[in-house]
$ cat entry_23.tsv   # TSV, C-alpha atoms
chain	number	residue	atom	x	y	z
A	71	MET	CA	0.00	0.00	0.00
A	72	ILE	CA	1.13	3.54	-0.79
A	73	LYS	CA	0.95	6.03	2.06
A	74	ASN	CA	-0.54	9.45	1.37
A	75	PHE	CA	0.81	11.53	4.26
A	76	ILE	CA	-1.35	14.22	5.79
A	77	TYR	CA	0.91	14.78	8.80
A	78	LEU	CA	4.47	13.75	9.64
A	79	ASP	CA	6.51	14.80	12.65
A	80	GLU	CA	9.93	14.39	11.06
A	81	GLU	CA	11.89	15.56	14.10
A	82	LYS	CA	10.31	12.99	16.41
A	83	MET	CA	10.65	10.26	13.77
A	84	TYR	CA	14.37	10.95	13.25
A	85	SER	CA	15.01	11.15	16.97
A	86	LEU	CA	13.46	7.74	17.53
A	87	SER	CA	14.98	6.29	14.36
A	88	SER	CA	18.51	7.27	15.36
A	89	GLN	CA	18.07	5.23	18.53
A	90	LEU	CA	16.23	2.38	16.84
A	91	PHE	CA	18.79	1.94	14.05
A	92	GLU	CA	21.76	3.10	16.14
A	93	GLY	CA	22.37	6.07	13.92
A	94	VAL	CA	21.05	7.37	10.62
A	95	THR	CA	22.38	5.29	7.74
A	96	GLU	CA	19.96	5.70	4.85
A	97	TYR	CA	20.36	8.99	3.10
A	98	VAL	CA	20.53	10.82	-0.17
A	99	LEU	CA	23.54	12.96	-0.85
A	100	SER	CA	23.09	16.56	-1.85
A	101	GLU	CA	25.90	18.91	-2.57
A	102	SER	CA	25.80	22.62	-3.11
A	103	ILE	CA	28.60	24.87	-4.19
A	104	SER	CA	28.30	28.60	-4.01
A	105	GLU	CA	30.81	30.97	-5.35
A	106	LYS	CA	30.88	34.66	-4.88
A	107	GLY	CA	33.08	36.99	-6.77
A	108	GLU	CA	33.45	40.66	-6.28
A	109	SER	CA	35.77	42.99	-8.14
A	110	GLU	CA	36.38	46.67	-8.25
A	111	GLU	CA	37.78	48.26	-11.37
A	112	GLN	CA	39.34	51.69	-11.51
A	113	LYS	CA	40.80	53.44	-14.51
A	114	GLY	CA	44.34	54.84	-14.06
A	115	PRO	CA	46.07	57.63	-16.01
A	116	VAL	CA	45.17	57.92	-19.67
A	117	GLY	CA	46.97	55.24	-21.70
A	118	SER	CA	48.12	53.29	-18.73
A	119	GLY	CA	45.22	50.84	-18.66
A	120	ARG	CA	45.68	50.43	-14.97
A	121	VAL	CA	43.18	48.16	-13.23
A	122	LEU	CA	42.83	48.05	-9.50
A	123	GLY	CA	41.00	44.91	-8.50
A	124	ASP	CA	40.12	43.49	-5.21
A	125	ILE	CA	38.82	40.01	-5.87
A	126	LEU	CA	36.90	38.23	-3.20
A	127	ARG	CA	36.18	34.65	-4.05
A	128	ASN	CA	34.40	32.54	-1.53
A	129	SER	CA	33.77	28.95	-2.35
A	130	GLU	CA	31.58	27.07	0.03
A	131	ARG	CA	30.89	23.40	-0.27
A	132	ASN	CA	28.05	22.04	1.78
A	133	THR	CA	27.39	18.36	1.96
A	134	GLU	CA	24.42	17.13	3.90
A	135	LYS	CA	22.74	13.80	4.41
A	136	LYS	CA	18.98	13.81	4.18
A	137	PHE	CA	16.50	11.07	4.72
A	138	LEU	CA	13.88	10.84	2.07
A	139	ASN	CA	11.20	11.52	4.67
A	140	ASP	CA	8.32	9.37	3.46
A	141	TYR	CA	10.51	6.35	2.74
A	142	SER	CA	12.30	6.84	6.03
A	143	TYR	CA	9.00	6.67	7.86
A	144	THR	CA	8.08	3.46	6.06
A	145	ILE	CA	11.32	1.86	7.26
A	146	PHE	CA	10.79	3.23	10.76
A	147	GLU	CA	7.22	1.91	11.09
A	148	LYS	CA	8.07	-1.48	9.59
A	149	LYS	CA	10.95	-1.96	12.03
A	150	LEU	CA	8.71	-1.25	15.03
A	151	LEU	CA	6.00	-3.57	13.70
A	152	ASP	CA	8.49	-6.36	13.00
A	153	ASP	CA	9.88	-6.02	16.53
A	154	GLY	CA	6.38	-6.32	17.99
A	155	LEU	CA	6.49	-2.90	19.63
A	156	VAL	CA	3.23	-1.56	18.18
A	157	PHE	CA	-0.33	-2.11	19.32
A	158	VAL	CA	-2.40	-2.28	16.11
A	159	THR	CA	-6.13	-1.62	16.12
A	160	PRO	CA	-8.45	-2.90	14.86
A	161	ASP	CA	-6.89	-6.33	15.31
A	162	ALA	CA	-8.97	-9.25	16.52
A	163	GLU	CA	-5.90	-10.97	17.94
A	164	GLN	CA	-4.92	-8.05	20.14
A	165	ALA	CA	-7.16	-7.16	23.07
A	166	VAL	CA	-6.87	-3.53	24.10
A	167	GLU	CA	-6.77	-4.17	27.83
A	168	GLU	CA	-4.11	-6.84	27.59
A	169	ASN	CA	-1.77	-5.27	25.06
A	170	ILE	CA	-1.93	-1.50	25.26
A	171	GLU	CA	-0.42	-1.60	28.76
A	172	ASN	CA	2.70	-3.29	27.41
A	173	MET	CA	3.24	-1.28	24.21
A	174	SER	CA	4.23	2.36	23.86
A	175	PHE	CA	3.44	2.70	20.15
A	176	ILE	CA	-0.03	2.46	18.65
A	177	LYS	CA	-1.42	2.30	15.11
A	178	ILE	CA	-5.11	3.06	14.64
A	179	THR	CA	-7.00	2.83	11.36
A	180	SER	CA	-10.49	4.32	11.26
A	181	LYS	CA	-12.56	7.18	9.94
A	182	ALA	CA	-11.52	10.41	11.62
A	183	THR	CA	-13.01	13.64	12.94
A	184	PHE	CA	-11.03	16.91	12.86
A	185	ASN	CA	-11.73	19.42	15.63
A	186	ASP	CA	-10.21	22.78	14.76
A	187	ILE	CA	-10.74	25.19	17.67
A	188	ASN	CA	-9.57	28.19	15.63
A	189	SER	CA	-12.22	27.54	13.00
A	190	ILE	CA	-14.94	26.96	15.61
A	191	ASN	CA	-14.06	30.19	17.41
A	192	GLU	CA	-14.09	32.13	14.15
A	193	THR	CA	-17.58	30.79	13.42
A	194	LEU	CA	-18.81	31.72	16.91
A	195	LYS	CA	-17.45	35.26	16.67
A	196	ASN	CA	-19.12	35.83	13.28
A	197	PHE	CA	-22.21	33.64	13.77
A	198	ASN	CA	-24.74	36.50	13.75
A	199	LYS	CA	-23.13	38.24	10.76
A	200	ILE	CA	-23.07	34.97	8.83
A	201	GLY	CA	-26.68	34.24	9.83
A	202	LYS	CA	-27.84	37.65	8.66
A	203	ALA	CA	-26.05	37.21	5.33
A	204	LEU	CA	-27.61	33.77	4.84
A	205	ALA	CA	-31.08	35.11	5.57
A	206	HIS	CA	-30.59	37.90	3.05
A	207	VAL	CA	-29.24	35.65	0.30
A	208	THR	CA	-31.86	32.90	0.71
A	209	ASN	CA	-34.75	35.41	0.69
A	210	PHE	CA	-33.32	37.77	-1.93
A	211	LYS	CA	-35.45	36.41	-4.81
A	212	GLU	CA	-38.70	36.79	-2.89
A	213	ILE	CA	-37.72	40.26	-1.63
A	214	SER	CA	-36.94	41.40	-5.17
A	215	ALA	CA	-40.25	40.00	-6.49
A	216	VAL	CA	-42.33	41.83	-3.86
A	217	LYS	CA	-40.35	45.03	-4.44
A	218	GLU	CA	-41.08	44.81	-8.18
A	219	GLN	CA	-44.81	44.23	-7.55
A	220	LEU	CA	-44.88	47.18	-5.20
A	221	GLU	CA	-43.31	49.49	-7.78
A	222	LYS	CA	-45.81	48.37	-10.44
A	223	ALA	CA	-48.72	48.81	-8.05
A	224	LYS	CA	-47.65	52.34	-7.23
A	225	GLN	CA	-47.68	53.20	-10.94
A	226	ASN	CA	-50.71	51.26	-12.19
A	227	THR	CA	-53.28	51.10	-9.39
A	228	LYS	CA	-55.06	53.48	-7.13
A	229	ASP	CA	-56.13	50.74	-4.72
A	230	ARG	CA	-54.71	51.91	-1.42
A	231	ASN	CA	-55.44	48.61	0.33
A	232	LYS	CA	-53.42	46.62	-2.19
A	233	LYS	CA	-50.57	49.10	-2.00
A	234	SER	CA	-50.65	48.96	1.79
A	235	GLN	CA	-50.57	45.13	1.79
A	236	LEU	CA	-47.61	45.06	-0.56
A	237	GLN	CA	-45.82	47.72	1.48
A	238	THR	CA	-46.33	45.73	4.69
A	239	GLN	CA	-45.14	42.52	3.02
A	240	PHE	CA	-42.06	44.26	1.66
A	241	LYS	CA	-41.18	45.73	5.04
A	242	SER	CA	-41.49	42.32	6.64
A	243	LEU	CA	-39.33	40.62	4.01
A	244	SER	CA	-36.73	43.40	3.98
A	245	ASN	CA	-36.25	43.15	7.76
A	246	ILE	CA	-33.20	40.91	7.53
A	247	ASN	CA	-32.61	40.79	11.29
A	248	LYS	CA	-36.12	39.48	11.85
A	249	LEU	CA	-35.78	36.90	9.07
A	250	ALA	CA	-32.49	35.67	10.51
A	251	THR	CA	-33.96	35.40	14.02
A	252	GLU	CA	-37.03	33.49	12.80
A	253	SER	CA	-34.73	31.07	10.95
A	254	GLY	CA	-32.65	30.39	14.08
A	255	LEU	CA	-29.66	32.16	12.59
A	256	GLN	CA	-29.23	34.68	15.39
A	257	GLN	CA	-27.98	34.03	18.93
A	258	ASP	CA	-27.25	36.26	21.88
A	259	GLN	CA	-23.88	37.84	21.07
A	260	GLY	CA	-22.82	37.86	24.72
A	261	PHE	CA	-23.42	34.12	24.93
A	262	LEU	CA	-21.39	33.53	21.76
A	263	ASP	CA	-18.52	35.69	23.04
A	264	ASP	CA	-18.43	33.86	26.38
A	265	LEU	CA	-18.51	30.48	24.66
A	266	ALA	CA	-15.61	31.52	22.41
A	267	LEU	CA	-13.67	32.70	25.48
A	268	LEU	CA	-14.17	29.36	27.24
A	269	LEU	CA	-13.04	27.43	24.16
A	270	SER	CA	-9.97	29.64	23.79
A	271	TYR	CA	-9.07	29.19	27.45
A	272	GLY	CA	-9.66	25.45	27.52
A	273	PHE	CA	-8.29	24.42	24.14
A	274	GLN	CA	-6.25	27.41	22.87
A	275	ASP	CA	-5.52	26.83	19.15
A	276	GLN	CA	-5.83	23.05	19.33
A	277	LEU	CA	-6.19	21.00	16.16
A	278	GLU	CA	-7.35	17.58	17.27
A	279	VAL	CA	-8.01	14.38	15.35
A	280	GLN	CA	-10.33	11.84	16.94
A	281	MET	CA	-11.06	8.25	15.99
A	282	ASN	CA	-13.91	6.21	17.48
A	283	LEU	CA	-13.26	2.49	17.56
A	284	ASP	CA	-14.55	-0.34	19.76
A	285	ASN	CA	-16.38	2.09	22.07
A	286	ARG	CA	-13.14	3.99	22.61
A	287	ILE	CA	-11.99	7.42	21.55
A	288	PHE	CA	-8.42	7.82	20.32
A	289	SER	CA	-7.37	11.49	20.37
A	290	ALA	CA	-4.26	13.26	19.14
A	291	ASN	CA	-3.34	16.95	19.08
A	292	LEU	CA	-1.67	17.81	15.78
A	293	ASN	CA	1.11	20.37	15.44
A	294	ARG	CA	-0.06	22.53	12.54
A	295	SER	CA	3.52	23.08	11.32
A	296	PHE	CA	3.87	19.34	10.57
A	297	LEU	CA	0.83	19.21	8.28
A	298	ARG	CA	1.65	18.60	4.63
A	299	GLU	CA	-1.13	21.03	3.66
A	300	SER	CA	-3.03	23.71	5.55
A	301	GLU	CA	-5.74	22.51	7.91
A	302	ASP	CA	-8.40	24.30	5.87
A	303	LEU	CA	-7.38	22.45	2.73
A	304	VAL	CA	-7.25	19.10	4.53
A	305	ILE	CA	-10.77	19.59	5.90
A	306	ARG	CA	-12.11	20.68	2.51
A	307	LYS	CA	-10.62	17.62	0.88
A	308	TYR	CA	-11.64	15.04	3.45
A	309	SER	CA	-14.43	16.77	5.47
A	310	ARG	CA	-14.45	17.27	9.23
A	311	GLN	CA	-15.89	13.79	9.53
A	312	THR	CA	-14.01	11.80	6.94
A	313	GLU	CA	-15.50	9.21	4.61
A	314	VAL	CA	-12.18	7.46	4.05
A	315	ALA	CA	-10.17	5.66	6.72
A	316	PHE	CA	-7.10	7.35	8.18
A	317	THR	CA	-4.17	5.71	9.95
A	318	LEU	CA	-2.79	7.40	13.06
A	319	PHE	CA	0.62	6.26	14.31
A	320	GLY	CA	2.04	7.56	17.55
A	321	ILE	CA	2.94	7.08	21.20
A	322	VAL	CA	0.35	6.37	23.87
A	323	THR	CA	0.61	9.06	26.57
A	324	GLN	CA	-2.61	8.65	28.59
A	325	ARG	CA	-4.70	5.54	28.97
A	326	GLN	CA	-5.96	5.37	32.55
A	327	ARG	CA	-8.40	7.83	34.04
A	328	ASP	CA	-7.17	9.38	37.25
A	329	LYS	CA	-9.88	10.64	39.55
A	330	LEU	CA	-9.35	14.21	40.59
A	331	GLU	CA	-8.48	14.63	44.24
A	332	ASP	CA	-10.94	16.53	46.40
A	333	LEU	CA	-9.04	19.56	47.61
A	334	GLU	CA	-9.67	20.73	51.13
A	335	GLU	CA	-10.22	24.40	51.77
A	336	ASN	CA	-7.42	25.74	53.93
A	337	GLU	CA	-6.73	29.34	54.74
A	338	ASP	CA	-3.73	28.70	57.01
A	339	PHE	CA	-0.48	28.22	55.10
A	340	GLU	CA	2.99	28.19	56.56
A	341	SER	CA	4.51	29.97	53.56
A	342	ILE	CA	3.64	31.77	50.34
A	343	LYS	CA	5.05	28.80	48.42
A	344	GLU	CA	2.55	26.45	50.06
A	345	ALA	CA	-0.31	28.82	49.26
A	346	LEU	CA	0.79	29.07	45.62
A	347	MET	CA	1.03	25.28	45.34
A	348	ASN	CA	-2.52	25.01	46.65
A	349	LEU	CA	-3.66	27.60	44.08
A	350	VAL	CA	-1.97	25.63	41.30
A	351	SER	CA	-3.79	22.47	42.42
A	352	HIS	CA	-7.14	24.24	42.23
A	353	LEU	CA	-6.32	25.67	38.80
A	354	SER	CA	-5.30	22.19	37.61
A	355	ASN	CA	-8.70	20.88	38.63
A	356	LEU	CA	-10.36	23.74	36.78
A	357	GLU	CA	-8.34	23.08	33.62
A	358	SER	CA	-9.22	19.39	33.76
A	359	THR	CA	-12.88	20.28	33.24
A	360	PHE	CA	-11.85	21.49	29.78
A	361	THR	CA	-9.01	19.19	28.79
A	362	GLY	CA	-9.41	16.23	31.13
A	363	ARG	CA	-9.44	12.85	29.45
A	364	LEU	CA	-12.72	10.96	29.13
A	365	SER	CA	-13.09	7.57	30.79
A	366	ASN	CA	-13.03	5.77	27.41
A	367	GLU	CA	-10.42	8.04	25.80
A	368	ILE	CA	-6.82	7.19	24.91
A	369	ILE	CA	-4.46	10.10	24.22
A	370	VAL	CA	-1.82	9.67	21.52
A	371	ASP	CA	1.27	11.75	20.77
A	372	PRO	CA	1.10	11.70	16.94
A	373	ILE	CA	4.04	10.88	14.69
A	374	ALA	CA	2.18	10.33	11.42
A	375	LEU	CA	-1.30	10.56	9.97
A	376	TYR	CA	-1.95	9.18	6.51
A	377	THR	CA	-4.34	7.40	4.19
A	378	GLU	CA	-3.44	4.29	2.23
A	379	ILE	CA	-4.09	4.14	-1.50
$ encode --input "entry_23.tsv" --output "structure tokens"
Amino acid sequence: MIKNFIYLDEEKMYSLSSQLFEGVTEYVLSESISEKGESEEQKGPVGSGRVLGDILRNSERNTEKKFLNDYSYTIFEKKLLDDGLVFVTPDAEQAVEENIENMSFIKITSKATFNDINSINETLKNFNKIGKALAHVTNFKEISAVKEQLEKAKQNTKDRNKKSQLQTQFKSLSNINKLATESGLQQDQGFLDDLALLLSYGFQDQLEVQMNLDNRIFSANLNRSFLRESEDLVIRKYSRQTEVAFTLFGIVTQRQRDKLEDLEENEDFESIKEALMNLVSHLSNLESTFTGRLSNEIIVDPIALYTEI
């Protein structure tokens, strides 16, 4: 199968590969030579043909060894699989409870969901503007038709009742705010702002990929700089909820749910340090309400995300 990479953390892969293979040995050789020449020419006395030249020649030869990244990853993954260091799911022969405890690496293949907090926050901040625009566009044809009838009625009829009915209908249709509200396209702006603030605080600019498999959620936070294409383009190509299966390869970092400790209220501290440590503990509990792992969730530090074609 050919791997179509969506995401590849090359730095982490090379770091692990150098230990796995006891040094980097597969490479392509690239060589660059740059030369720089500068000269200054000055004419001497007439007939002398004197040339004053200061020549600066700098020749730099750079030789570097580079892994061909995609092929390097294929070697890296195959080595780990051959050595039995990877928990593969779905796999009927590998029970999650029995094997995931003993393996650091995991390979999941399933349809995926992309949660882009930046995009969600942008939608929340502009929800009412977008809703108003949608209401205007979807009702534009009807608004234009009533407006045209009203103009004709003003010119061709003296029936005040008909004119009044058309005028009332036009006012109702041209009230875009009312149309948007009736269509459920308007929300309280304060509520939207507060919701955006909570998402920003809890998740910052997180780009998360989630896979649901065997009543479990496998989650990984992607570093946007390691995407092969922009997140917007990836989502447009594959959708937020993908139709094709993705493979996520990475390191299991959280698998067991730890119950939060009940913190006792204490106003008597022996030192400022102790008081600050208590404050940190309370803040940690608050943060866990946003980012705490679910009871059926497994957190993965991603190395690669790809489809197979």
$ atom_distance --input "entry_23.tsv" --atom1 "CA of Met83 (chain A)" --atom2 "CA of Leu318 (chain A)"
13.8 Å
$ closest_residue --input "entry_23.tsv" --among "A:Leu249, A:Ala374, A:Ile379, A:Leu220" --to "Lys82 (chain A)" --atoms "only C-alpha atoms"
A:Ala374
$ closest_residue --input "entry_23.tsv" --among "A:Phe146, A:Phe296, A:Phe240, A:Phe197" --to "Glu218 (chain A)" --atoms "all atoms listed in the file"
A:Phe240
$ atom_distance --input "entry_23.tsv" --atom1 "CA of Val279 (chain A)" --atom2 "CA of Pro372 (chain A)"
9.6 Å
$ closest_atom_pairs --input "entry_23.tsv" --of "region 154-206 of chain A" --to "region 265-275 of chain A" --cutoff "7 Å" --atoms "only C-alpha atoms" --output "Markdown table"
| residue | atom | partner | partner_atom | distance |
| --- | --- | --- | --- | --- |
| A:Ile187 | CA | A:Asp275 | CA | 5.7 |
| A:Asn188 | CA | A:Asp275 | CA | 5.5 |
| A:Asn191 | CA | A:Ala266 | CA | 5.4 |
| A:Leu194 | CA | A:Ala266 | CA | 6.4 |
$ closest_residue --input "entry_23.tsv" --among "A:Asp263, A:Asp153, A:Asp229, A:Glu367" --to "Val322 (chain A)" --atoms "all atoms listed in the file"
A:Glu367
$ atom_distance --input "entry_23.tsv" --atom1 "CA of Asp258 (chain A)" --atom2 "CA of Asp302 (chain A)"
27.5 Å
$ residues_around --input "entry_23.tsv" --residues "Leu292 (chain A)" --least-positions-apart "2" --cutoff "9 Å" --atoms "all atoms listed in the file" --output "list in words"
Tyr77, Gln276, Leu277, Glu278, Val279, Ala290, Arg294, Ser295, Phe296, Leu297, Asp371 and Pro372 of chain A
$ closest_residue --input "entry_23.tsv" --among "A:Gln324, A:Thr193, A:Ser365, A:Asn291" --to "Ile170 (chain A)" --atoms "all atoms listed in the file"
A:Gln324
$ residues_around --input "entry_23.tsv" --residues "region 138-145 of chain A" --least-positions-apart "3" --cutoff "12 Å" --atoms "all atoms listed in the file" --output "count of residues only"
40
$ residues_around --input "entry_23.tsv" --residues "Val156 (chain A)" --least-positions-apart "6" --cutoff "7 Å" --atoms "all atoms listed in the file" --output "PyMOL selection string"
chain A and resi 150+173-177
$ residues_around --input "entry_23.tsv" --residues "Thr183 (chain A)" --least-positions-apart "4" --cutoff "12 Å" --atoms "all atoms listed in the file" --output "ChimeraX atom specification"
/A:277-282,287-291,304-305,308-316,318
$ residues_near_point --input "entry_23.tsv" --point "(-36.5, 40.3, 0.3)" --cutoff "9 Å" --atoms "all atoms listed in the file" --output "VMD selection string"
chain A and resid 206 to 217 240 to 246
$ write_last_selection --input "entry_23.tsv" --atoms "C-alpha atoms" --output "compact mmCIF listing (two decimals), keeping the file's coordinate frame"
# COMPACT_ATOMS: atom_id res chain seq x y z
CA HIS A 206 -30.59 37.90 3.05
CA VAL A 207 -29.24 35.65 0.30
CA THR A 208 -31.86 32.90 0.71
CA ASN A 209 -34.75 35.41 0.69
CA PHE A 210 -33.32 37.77 -1.93
CA LYS A 211 -35.45 36.41 -4.81
CA GLU A 212 -38.70 36.79 -2.89
CA ILE A 213 -37.72 40.26 -1.63
CA SER A 214 -36.94 41.40 -5.17
CA ALA A 215 -40.25 40.00 -6.49
CA VAL A 216 -42.33 41.83 -3.86
CA LYS A 217 -40.35 45.03 -4.44
CA PHE A 240 -42.06 44.26 1.66
CA LYS A 241 -41.18 45.73 5.04
CA SER A 242 -41.49 42.32 6.64
CA LEU A 243 -39.33 40.62 4.01
CA SER A 244 -36.73 43.40 3.98
CA ASN A 245 -36.25 43.15 7.76
CA ILE A 246 -33.20 40.91 7.53
$ residues_around --input "entry_23.tsv" --residues "Ala250 (chain A)" --least-positions-apart "4" --cutoff "10 Å" --atoms "all atoms listed in the file" --output "number ranges by chain"
A: 198-206, 245-246, 254-257
$ write_last_selection --input "entry_23.tsv" --atoms "C-alpha atoms" --output "CSV table (one decimal), in the frame of the given file"
chain,number,residue,atom,x,y,z
A,198,ASN,CA,-24.7,36.5,13.8
A,199,LYS,CA,-23.1,38.2,10.8
A,200,ILE,CA,-23.1,35.0,8.8
A,201,GLY,CA,-26.7,34.2,9.8
A,202,LYS,CA,-27.8,37.6,8.7
A,203,ALA,CA,-26.0,37.2,5.3
A,204,LEU,CA,-27.6,33.8,4.8
A,205,ALA,CA,-31.1,35.1,5.6
A,206,HIS,CA,-30.6,37.9,3.0
A,245,ASN,CA,-36.2,43.2,7.8
A,246,ILE,CA,-33.2,40.9,7.5
A,254,GLY,CA,-32.6,30.4,14.1
A,255,LEU,CA,-29.7,32.2,12.6
A,256,GLN,CA,-29.2,34.7,15.4
A,257,GLN,CA,-28.0,34.0,18.9
$ closest_residue --input "entry_23.tsv" --among "A:Phe184, A:Asn231, A:Ser300, A:Arg286" --to "Ile369 (chain A)" --atoms "all atoms listed in the file"
A:Arg286
